[in-house]
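Pasting final_15.cif here (mmCIF, C-alpha atoms):
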data_start
loop_
_atom_site.label_atom_id
_atom_site.label_comp_id
_atom_site.auth_asym_id
_atom_site.auth_seq_id
_atom_site.Cartn_x
_atom_site.Cartn_y
_atom_site.Cartn_z
CA MET D 12 91.80 -8.44 -3.73
CA SER D 13 91.45 -4.74 -4.42
CA ARG D 14 89.04 -5.07 -7.33
CA ARG D 15 86.20 -3.57 -5.26
CA SER D 16 85.89 -0.28 -3.47
CA LYS D 17 86.39 -0.43 0.30
CA GLY D 18 84.09 2.55 0.75
CA GLY D 19 80.50 2.73 1.96
CA ALA D 20 77.47 1.36 0.16
CA GLY D 21 75.56 4.58 -0.46
CA ALA D 22 74.20 5.24 -3.92
CA ARG D 23 76.72 8.00 -4.61
CA GLY D 24 79.50 6.80 -2.35
CA PRO D 25 82.28 7.07 -4.96
CA GLU D 26 82.05 10.86 -4.82
CA ASP D 27 83.25 10.74 -1.22
CA GLN D 28 86.40 8.79 -2.04
CA THR D 29 88.15 11.90 -3.30
CA GLY D 30 87.36 14.11 -0.33
CA GLY D 31 83.79 14.96 -1.35
CA GLY D 32 84.50 15.71 -5.02
CA LEU D 33 84.16 13.65 -8.15
CA LEU D 34 86.90 11.45 -9.54
CA PRO D 35 89.79 13.57 -10.82
CA GLU D 36 90.00 12.15 -14.34
CA GLY D 37 87.66 14.01 -16.67
CA PRO D 38 85.41 12.00 -19.01
CA PRO D 39 85.32 12.76 -22.74
CA PRO D 40 82.74 15.21 -24.15
CA GLY D 41 79.27 13.69 -24.33
CA PHE D 42 80.06 11.06 -21.67
CA ARG D 43 76.84 9.72 -20.11
CA SER D 44 76.60 8.43 -16.57
CA GLY D 45 74.13 7.88 -13.77
CA PHE D 46 72.41 5.57 -11.33
CA VAL D 47 69.76 3.00 -12.16
CA ALA D 48 67.39 1.42 -9.63
CA VAL D 49 66.83 -2.24 -10.54
CA LEU D 50 63.33 -3.08 -9.29
CA GLY D 51 61.07 -6.09 -9.26
CA ARG D 52 59.26 -8.65 -7.17
CA PRO D 53 61.40 -11.20 -5.32
CA ASN D 54 62.84 -13.92 -7.56
CA VAL D 55 62.45 -12.19 -10.92
CA GLY D 56 66.19 -12.45 -11.60
CA LYS D 57 67.37 -8.92 -10.74
CA SER D 58 70.74 -10.03 -9.37
CA THR D 59 71.42 -12.38 -12.28
CA LEU D 60 70.58 -9.55 -14.68
CA VAL D 61 72.89 -7.10 -12.88
CA ASN D 62 75.73 -9.63 -12.89
CA ALA D 63 75.22 -10.26 -16.59
CA LEU D 64 75.26 -6.56 -17.48
CA VAL D 65 78.33 -5.89 -15.33
CA GLY D 66 80.11 -8.91 -16.77
CA GLN D 67 81.03 -10.51 -13.46
CA LYS D 68 79.46 -11.45 -10.14
CA VAL D 69 78.64 -8.55 -7.84
CA SER D 70 75.39 -9.87 -6.32
CA ILE D 71 74.66 -13.30 -4.91
CA VAL D 72 72.07 -15.37 -6.72
CA SER D 73 69.41 -17.75 -5.43
CA ASP D 74 65.99 -18.88 -6.60
CA ARG D 75 64.62 -17.87 -3.19
CA PRO D 76 62.92 -14.61 -2.16
CA GLN D 77 64.82 -12.25 0.18
CA THR D 78 68.20 -13.26 -1.23
CA THR D 79 69.11 -9.61 -1.84
CA ARG D 80 68.90 -7.75 1.48
CA ARG D 81 70.87 -4.58 0.81
CA ARG D 82 71.50 -2.16 -2.02
CA ILE D 83 74.47 -3.29 -4.09
CA ALA D 84 76.02 -1.24 -6.87
CA GLY D 85 77.21 -2.95 -10.03
CA VAL D 86 79.22 -0.77 -12.40
CA VAL D 87 79.00 -1.05 -16.19
CA ASP D 88 81.94 0.96 -17.51
CA ALA D 89 82.66 1.85 -21.15
CA PRO D 90 84.58 4.58 -22.99
CA ALA D 91 81.40 6.59 -23.65
CA PHE D 92 79.33 5.84 -20.54
CA GLN D 93 79.19 4.51 -17.00
CA LEU D 94 76.05 3.00 -15.48
CA VAL D 95 75.79 2.28 -11.77
CA LEU D 96 73.15 -0.43 -11.42
CA LEU D 97 71.66 -0.55 -7.93
CA ASP D 98 70.51 -4.10 -7.24
CA LEU D 99 67.73 -3.74 -4.67
CA PRO D 100 65.71 -6.07 -2.46
CA GLY D 101 62.46 -7.22 -4.00
CA PHE D 102 59.35 -5.14 -3.27
CA GLN D 103 57.49 -6.70 -0.35
CA LYS D 104 55.19 -5.98 2.57
CA PRO D 105 57.44 -5.41 5.62
CA PHE D 106 56.78 -7.71 8.58
CA ASP D 107 59.88 -7.33 10.79
CA ALA D 108 62.92 -5.07 11.24
CA LEU D 109 64.79 -6.84 8.45
CA THR D 110 62.07 -6.51 5.79
CA GLN D 111 61.20 -2.98 6.94
CA ARG D 112 64.79 -1.92 6.32
CA MET D 113 64.85 -3.74 2.97
CA GLN D 114 61.72 -1.98 1.72
CA ARG D 115 62.94 1.37 3.05
CA THR D 116 66.10 0.90 1.00
CA VAL D 117 63.99 0.40 -2.13
CA ASP D 118 61.78 3.43 -1.46
CA GLU D 119 64.68 5.78 -0.68
CA THR D 120 66.79 4.67 -3.64
CA LEU D 121 63.96 5.25 -6.09
CA LYS D 122 64.02 8.95 -5.13
CA GLU D 123 67.74 9.32 -5.93
CA VAL D 124 68.31 7.63 -9.27
CA ASP D 125 68.47 8.79 -12.89
CA ALA D 126 66.43 5.86 -14.27
CA ALA D 127 64.58 2.73 -13.18
CA LEU D 128 64.88 -0.75 -14.66
CA VAL D 129 61.82 -2.82 -13.75
CA VAL D 130 62.31 -6.57 -14.15
CA LEU D 131 59.34 -8.86 -14.77
CA ASN D 132 59.32 -12.66 -14.76
CA ALA D 133 58.11 -14.33 -17.96
CA ALA D 134 57.94 -17.71 -16.20
CA GLU D 135 55.30 -16.57 -13.68
CA MET D 136 51.89 -14.95 -13.99
CA LEU D 137 52.15 -11.17 -13.80
CA GLY D 138 49.91 -9.51 -11.27
CA GLY D 139 49.27 -6.88 -8.64
CA GLY D 140 52.81 -6.83 -7.31
CA ASP D 141 54.25 -6.07 -10.74
CA ARG D 142 51.58 -3.42 -11.32
CA PHE D 143 52.44 -1.75 -8.00
CA ILE D 144 56.16 -1.64 -8.80
CA LEU D 145 55.58 -0.22 -12.27
CA ALA D 146 53.29 2.44 -10.80
CA ALA D 147 55.87 3.34 -8.13
CA ALA D 148 58.59 3.66 -10.77
CA ALA D 149 56.35 5.80 -12.99
CA ALA D 150 55.42 8.03 -10.05
CA SER D 151 59.10 8.75 -9.42
CA SER D 152 59.22 10.62 -12.76
CA THR D 153 62.50 8.96 -13.72
CA PRO D 154 62.97 7.37 -17.16
CA LEU D 155 61.67 3.78 -17.11
CA VAL D 156 63.01 0.69 -18.89
CA VAL D 157 61.11 -2.60 -18.56
CA ALA D 158 62.71 -6.04 -19.04
CA LEU D 159 60.72 -9.27 -19.25
CA ASN D 160 63.28 -11.75 -17.95
CA LYS D 161 63.56 -15.55 -18.01
CA ILE D 162 62.20 -15.93 -21.54
CA ASP D 163 64.51 -18.94 -21.87
CA LEU D 164 62.13 -20.79 -19.54
CA VAL D 165 58.98 -20.30 -21.63
CA HIS D 166 58.26 -21.04 -25.29
CA GLY D 167 55.66 -20.74 -28.01
CA GLY D 168 52.25 -19.61 -26.89
CA ARG D 169 53.31 -19.16 -23.28
CA LEU D 170 56.03 -16.71 -24.30
CA GLN D 171 53.69 -14.76 -26.54
CA GLY D 172 51.14 -14.63 -23.74
CA ALA D 173 53.74 -13.34 -21.29
CA LEU D 174 54.85 -10.66 -23.77
CA THR D 175 51.26 -9.55 -24.35
CA ALA D 176 50.52 -9.39 -20.62
CA ALA D 177 53.73 -7.49 -19.90
CA ALA D 178 53.07 -4.97 -22.67
CA ALA D 179 49.56 -4.30 -21.33
CA LEU D 180 50.83 -3.96 -17.76
CA ALA D 181 53.78 -1.69 -18.57
CA ALA D 182 52.12 0.59 -21.14
CA PRO D 183 53.11 3.10 -22.32
CA ALA D 184 56.65 1.89 -21.51
CA GLU D 185 58.26 -0.46 -24.03
CA VAL D 186 58.92 -4.02 -22.85
CA HIS D 187 62.18 -5.76 -23.81
CA SER D 188 62.22 -9.56 -23.66
CA VAL D 189 65.52 -10.78 -22.20
CA SER D 190 67.29 -13.73 -20.66
CA ALA D 191 69.84 -12.80 -18.04
CA ARG D 192 71.01 -16.41 -18.03
CA THR D 193 71.76 -16.64 -21.77
CA GLY D 194 72.42 -12.95 -22.43
CA HIS D 195 69.63 -12.64 -24.99
CA ASN D 196 68.78 -9.00 -25.80
CA LEU D 197 70.74 -7.55 -22.88
CA GLN D 198 72.57 -5.12 -25.16
CA THR D 199 69.24 -3.57 -26.14
CA VAL D 200 68.35 -2.98 -22.50
CA LEU D 201 71.81 -1.56 -21.87
CA ALA D 202 71.44 0.83 -24.82
CA ARG D 203 68.07 2.07 -23.56
CA LEU D 204 69.52 2.73 -20.12
CA VAL D 205 72.46 4.64 -21.56
CA GLU D 206 70.07 6.77 -23.62
CA ALA D 207 68.24 7.66 -20.41
CA MET D 208 71.40 8.88 -18.66
CA PRO D 209 72.38 12.54 -18.52
CA GLU D 210 75.84 13.72 -19.43
CA GLY D 211 77.98 13.42 -16.35
CA PRO D 212 81.18 12.28 -14.64
CA ARG D 213 82.67 8.84 -14.13
CA TYR D 214 81.67 7.92 -10.57
CA PHE D 215 83.90 4.85 -10.25
CA PRO D 216 87.48 4.41 -11.49
CA SER D 217 87.93 2.00 -14.38
CA GLY D 218 88.26 -1.56 -13.11
CA GLU D 219 85.96 -1.19 -10.11
CA VAL D 220 82.75 -3.14 -10.53
CA SER D 221 81.01 -2.63 -7.19
CA ASP D 222 80.85 -0.52 -4.05
CA GLN D 223 80.71 -3.56 -1.77
CA PRO D 224 83.39 -3.63 0.90
CA LEU D 225 85.36 -6.88 0.82
CA GLU D 226 83.91 -7.92 4.18
CA LEU D 227 80.32 -7.67 2.97
CA LEU D 228 81.08 -9.44 -0.29
CA ILE D 229 82.53 -12.42 1.58
CA THR D 230 79.59 -12.70 4.00
CA GLU D 231 77.16 -12.54 1.08
CA LEU D 232 78.97 -15.32 -0.78
CA VAL D 233 78.83 -17.50 2.35
CA ARG D 234 75.12 -16.76 2.80
CA GLU D 235 74.46 -17.67 -0.82
CA GLN D 236 75.79 -21.18 -0.27
CA ALA D 237 73.98 -21.55 3.04
CA LEU D 238 70.69 -20.61 1.38
CA ARG D 239 71.16 -23.23 -1.30
CA ARG D 240 71.51 -25.98 1.29
CA THR D 241 69.03 -25.01 4.02
CA TRP D 242 66.23 -23.16 2.26
CA GLU D 243 63.46 -25.69 2.81
CA GLU D 244 64.00 -25.63 6.58
CA LEU D 245 65.22 -22.06 7.13
CA PRO D 246 63.63 -19.73 4.57
CA HIS D 247 64.72 -16.36 5.97
CA SER D 248 66.51 -17.04 9.25
CA ILE D 249 70.17 -17.19 8.19
CA ALA D 250 72.61 -14.31 8.37
CA VAL D 251 76.40 -14.26 8.23
CA GLU D 252 78.65 -12.25 10.52
CA LEU D 253 82.36 -11.90 9.82
CA SER D 254 84.57 -12.34 12.88
CA SER D 255 88.04 -12.19 11.31
CA LEU D 256 89.60 -11.33 7.95
CA VAL D 257 93.39 -11.53 7.57
CA GLU D 258 95.41 -11.21 4.40
CA ARG D 259 98.61 -13.14 5.08
CA GLU D 260 101.90 -11.40 4.28
CA ASP D 261 104.03 -14.56 4.21
CA LYS D 262 101.90 -16.33 1.60
CA PRO D 263 99.13 -15.49 -0.93
CA LEU D 264 96.28 -16.47 1.38
CA LEU D 265 93.16 -14.81 2.76
CA GLU D 266 92.09 -16.24 6.12
CA VAL D 267 88.38 -15.82 6.89
CA GLU D 268 86.43 -16.70 10.04
CA ALA D 269 82.68 -16.19 10.07
CA TYR D 270 79.54 -17.10 11.97
CA LEU D 271 76.33 -18.37 10.45
CA ILE D 272 73.60 -16.72 12.53
CA VAL D 273 70.32 -18.54 13.19
CA GLU D 274 67.39 -17.96 15.56
CA SER D 275 67.11 -21.23 17.50
CA GLU D 276 69.02 -24.31 18.61
CA SER D 277 66.97 -26.48 16.26
CA GLN D 278 68.04 -24.28 13.34
CA LYS D 279 71.63 -24.56 14.49
CA GLY D 280 71.36 -28.34 14.25
CA ILE D 281 69.99 -28.09 10.71
CA VAL D 282 72.84 -25.85 9.57
CA ILE D 283 75.49 -28.08 11.14
CA GLY D 284 73.88 -31.28 9.88
CA LYS D 285 74.55 -34.86 10.88
CA GLY D 286 78.21 -35.22 11.71
CA GLY D 287 78.79 -31.65 10.54
CA ALA D 288 77.98 -32.61 6.93
CA VAL D 289 75.90 -29.55 6.00
CA ILE D 290 78.24 -26.89 7.34
CA LYS D 291 81.15 -28.66 5.65
CA GLN D 292 79.29 -28.50 2.34
CA ILE D 293 78.52 -24.81 2.87
CA GLY D 294 82.13 -24.05 3.74
CA THR D 295 83.60 -25.93 0.77
CA ALA D 296 81.22 -24.35 -1.73
CA ALA D 297 81.62 -20.86 -0.23
CA ARG D 298 85.42 -21.09 -0.24
CA ARG D 299 85.43 -22.04 -3.91
CA GLU D 300 83.05 -19.21 -4.78
CA ILE D 301 85.10 -16.63 -2.85
CA GLU D 302 88.28 -17.81 -4.55
CA SER D 303 86.58 -17.61 -7.94
CA VAL D 304 85.29 -14.08 -7.40
CA LEU D 305 88.41 -12.66 -5.72
CA GLY D 306 91.05 -14.62 -7.60
CA ALA D 307 92.84 -15.50 -4.36
CA HIS D 308 93.47 -18.57 -2.21
CA VAL D 309 91.15 -18.65 0.80
CA PHE D 310 91.06 -20.48 4.11
CA LEU D 311 87.49 -20.34 5.46
CA SER D 312 86.38 -21.31 8.95
CA LEU D 313 82.64 -21.33 9.73
CA ARG D 314 80.80 -21.66 13.03
CA VAL D 315 77.11 -21.44 13.89
CA LYS D 316 75.72 -19.06 16.50
CA VAL D 317 72.18 -18.69 17.85
CA ARG D 318 70.79 -15.18 18.22
CA LYS D 319 67.09 -15.39 19.01
CA HIS D 320 64.76 -13.23 16.92
CA TRP D 321 67.64 -11.37 15.28
CA ARG D 322 65.41 -10.20 12.43
CA ARG D 323 63.34 -8.15 14.90
CA ASP D 324 66.38 -6.38 16.36
CA ASP D 325 66.76 -3.05 14.54
CA ALA D 326 70.27 -2.38 15.83
CA TYR D 327 71.55 -5.85 14.92
CA VAL D 328 69.94 -5.76 11.47
CA GLU D 329 71.55 -2.35 10.88
CA ARG D 330 74.93 -3.79 11.83
CA LEU D 331 74.59 -6.77 9.53
CA LEU D 332 73.36 -4.79 6.54
#
What's the structure tokens form of this structure?
Amino acid sequence: MSRRSKGGAGARGPEDQTGGGLLPEGPPPGFRSGFVAVLGRPNVGKSTLVNALVGQKVSIVSDRPQTTRRRIAGVVDAPAFQLVLLDLPGFQKPFDALTQRMQRTVDETLKEVDAALVVLNAAEMLGGGDRFILAAAAASSTPLVVALNKIDLVHGGRLQGALTAAAALAAPAEVHSVSARTGHNLQTVLARLVEAMPEGPRYFPSGEVSDQPLELLITELVREQALRRTWEELPHSIAVELSSLVEREDKPLLEVEAYLIVESESQKGIVIGKGGAVIKQIGTAARREIESVLGAHVFLSLRVKVRKHWRRDDAYVERLL
């Protein structure tokens, strides 16, 4: 359970893990490294793409907007390069403390990175939101790579139409058609990102794939399963708060207690479900996912707590994220 850094989630957090300096092992001559902002509208497949490039799950995945709420680093490590992919919330118009913080994360990250990867959705009509994101990335003066994702969902004339529209929207940047789900053409995107990186150090030790603390990873995996089972009723109202995390010494077991946070008693009833059926489903699925990602046996206990209007509470949102 030490596969992930226990440090903070800042874009260049790994530098701090050695007392403010870079990692002690020196990379070979010509080693390229840097940070990439992964941008796009909600539900274009950014997290699935990051997971595919990293080679394992570092970001939760859902077909719902606002799934990604914080900046998450996914590390692609190779003998000649290291890319730190920053999976970001989707661009959106802020309407409460939660979405204000999410958009601020996007804006601030774009100022810090070495390149931007803008993800477009081939299965939906491209429009003003995509144009705005591409313009924001171009204005940052960082190298830009554009990926038209989800091409596995469209075929024939629809695919050609999506490619033509994306090329016109992204010009003069080159558009790469990809499928994060099948892996199609991901190596081309990876190569373009590596070309855009400067020569530099290795920011993460080999074997680390993310900067997420274990606690945040677990709460995200629980939230992923809750979203899949309550989305129609509770589009944005669920959060997860960890109350206890114990790694047993007498047996190979991780004991986790967490709260599902909602904003009303009626929402609490939806999450619990008739006879506790829904929360049992969430718990079973989340436990299996945590065990799969961490490679450890897990005991998971979930409860539901009402915190009215939590998304408007700046201090509480800051604590959760």
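The result of the PyMOL selection byres ((chain D and resi 172) around 12) on the shown file is D:Ala133, D:Ala134, D:Glu135, D:Met136, D:Leu137, D:Leu159, D:Ile162, D:Val165, D:His166, D:Gly167, D:Gly168, D:Arg169, D:Leu170, D:Gln171, D:Ala173, D:Leu174, D:Thr175, D:Ala176, D:Ala177, D:Ala178, D:Ala179.
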Inset, instruction - Fewer than 6 positions away in the same chain doesn't count, so skip those; otherwise give me all residues within 9 Å of D:Val304, counting all atoms listed in the file, as a list in words. - result: Gln67, Lys68 and Val69 of chain D
Create the file for the chosen residues now, containing C-alpha atoms and written as a PDB file, keeping the file's coordinate frame.
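Once written, selection-v4.pdb looks like this:
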ATOM      1  CA  GLN D  67      81.030 -10.510 -13.460  1.00  0.00           C
ATOM      2  CA  LYS D  68      79.460 -11.450 -10.140  1.00  0.00           C
ATOM      3  CA  VAL D  69      78.640  -8.550  -7.840  1.00  0.00           C
TER       4      VAL D  69
END
Inset, instruction - Apply the PyMOL selection byres ((chain D and resi 84-88) around 8) to the displayed file and report the matching residues as a VMD selection string. - result: chain D and resid 20 22 61 to 62 64 to 66 69 82 to 83 89 to 90 92 to 98 215 217 219 to 223
Kindly save the residues from that selection, with C-alpha atoms included, as an mmCIF file, keeping the file's coordinate frame.
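Below is the file that was written, out33.cif:
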data_model
loop_
_atom_site.group_PDB
_atom_site.id
_atom_site.type_symbol
_atom_site.label_atom_id
_atom_site.label_comp_id
_atom_site.auth_asym_id
_atom_site.auth_seq_id
_atom_site.Cartn_x
_atom_site.Cartn_y
_atom_site.Cartn_z
ATOM 1 C CA ALA D 20 77.470 1.360 0.160
ATOM 2 C CA ALA D 22 74.200 5.240 -3.920
ATOM 3 C CA VAL D 61 72.890 -7.100 -12.880
ATOM 4 C CA ASN D 62 75.730 -9.630 -12.890
ATOM 5 C CA LEU D 64 75.260 -6.560 -17.480
ATOM 6 C CA VAL D 65 78.330 -5.890 -15.330
ATOM 7 C CA GLY D 66 80.110 -8.910 -16.770
ATOM 8 C CA VAL D 69 78.640 -8.550 -7.840
ATOM 9 C CA ARG D 82 71.500 -2.160 -2.020
ATOM 10 C CA ILE D 83 74.470 -3.290 -4.090
ATOM 11 C CA ALA D 89 82.660 1.850 -21.150
ATOM 12 C CA PRO D 90 84.580 4.580 -22.990
ATOM 13 C CA PHE D 92 79.330 5.840 -20.540
ATOM 14 C CA GLN D 93 79.190 4.510 -17.000
ATOM 15 C CA LEU D 94 76.050 3.000 -15.480
ATOM 16 C CA VAL D 95 75.790 2.280 -11.770
ATOM 17 C CA LEU D 96 73.150 -0.430 -11.420
ATOM 18 C CA LEU D 97 71.660 -0.550 -7.930
ATOM 19 C CA ASP D 98 70.510 -4.100 -7.240
ATOM 20 C CA PHE D 215 83.900 4.850 -10.250
ATOM 21 C CA SER D 217 87.930 2.000 -14.380
ATOM 22 C CA GLU D 219 85.960 -1.190 -10.110
ATOM 23 C CA VAL D 220 82.750 -3.140 -10.530
ATOM 24 C CA SER D 221 81.010 -2.630 -7.190
ATOM 25 C CA ASP D 222 80.850 -0.520 -4.050
ATOM 26 C CA GLN D 223 80.710 -3.560 -1.770
#
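Pairwise distance (atom CA of D:Trp321, atom CA of D:Ile290) equals 20.4 Å.
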Inset, instruction - Step by step, work through what the PyMOL selection byres ((chain D and resi 253-265) around 9) selects in the shown file, and finish by giving those residues as number ranges by chain. - result: D: 226-227, 229-230, 251-252, 266-271, 307-311
Inset, instruction - Within 8 Å of stretch 187-202 of chain D, counting only C-alpha atoms, which residues show up once you throw out same-chain ones fewer than 2 positions away? Write them as number ranges by chain, please. - result: D: 56, 59-60, 63-64, 156-163, 174, 185, 204-206
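Ranking D:Leu331, D:Leu305, D:Ala326, D:Ala288 by their shortest atom-to-atom distance to D:Ala250, with all atoms listed in the file included, puts D:Leu331 first.
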Inset, instruction - Can you work out which one of D:Pro183, D:Arg52, D:Lys285, D:Gly306 has the shortest atom-to-atom distance to D:Gly138, counting only C-alpha atoms? - result: D:Arg52
Legend entry - Nearby residues (all atoms listed in the file) at most 9 Å from stretch 119-129 of chain D, same-chain spacing under 3 positions excluded, as a count of residues only: 37
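You can rank D:Ile283, D:Ala297, D:Glu243, D:Ser248 by their closest distance to D:Val328 using all atoms listed in the file, and at the top of that list sits D:Ser248.
For the set D:Ala146, D:Leu131, D:Ile301, D:Ala181, the residue with the smallest atom-to-atom gap to D:Gln236 is D:Ile301, counting all atoms listed in the file.
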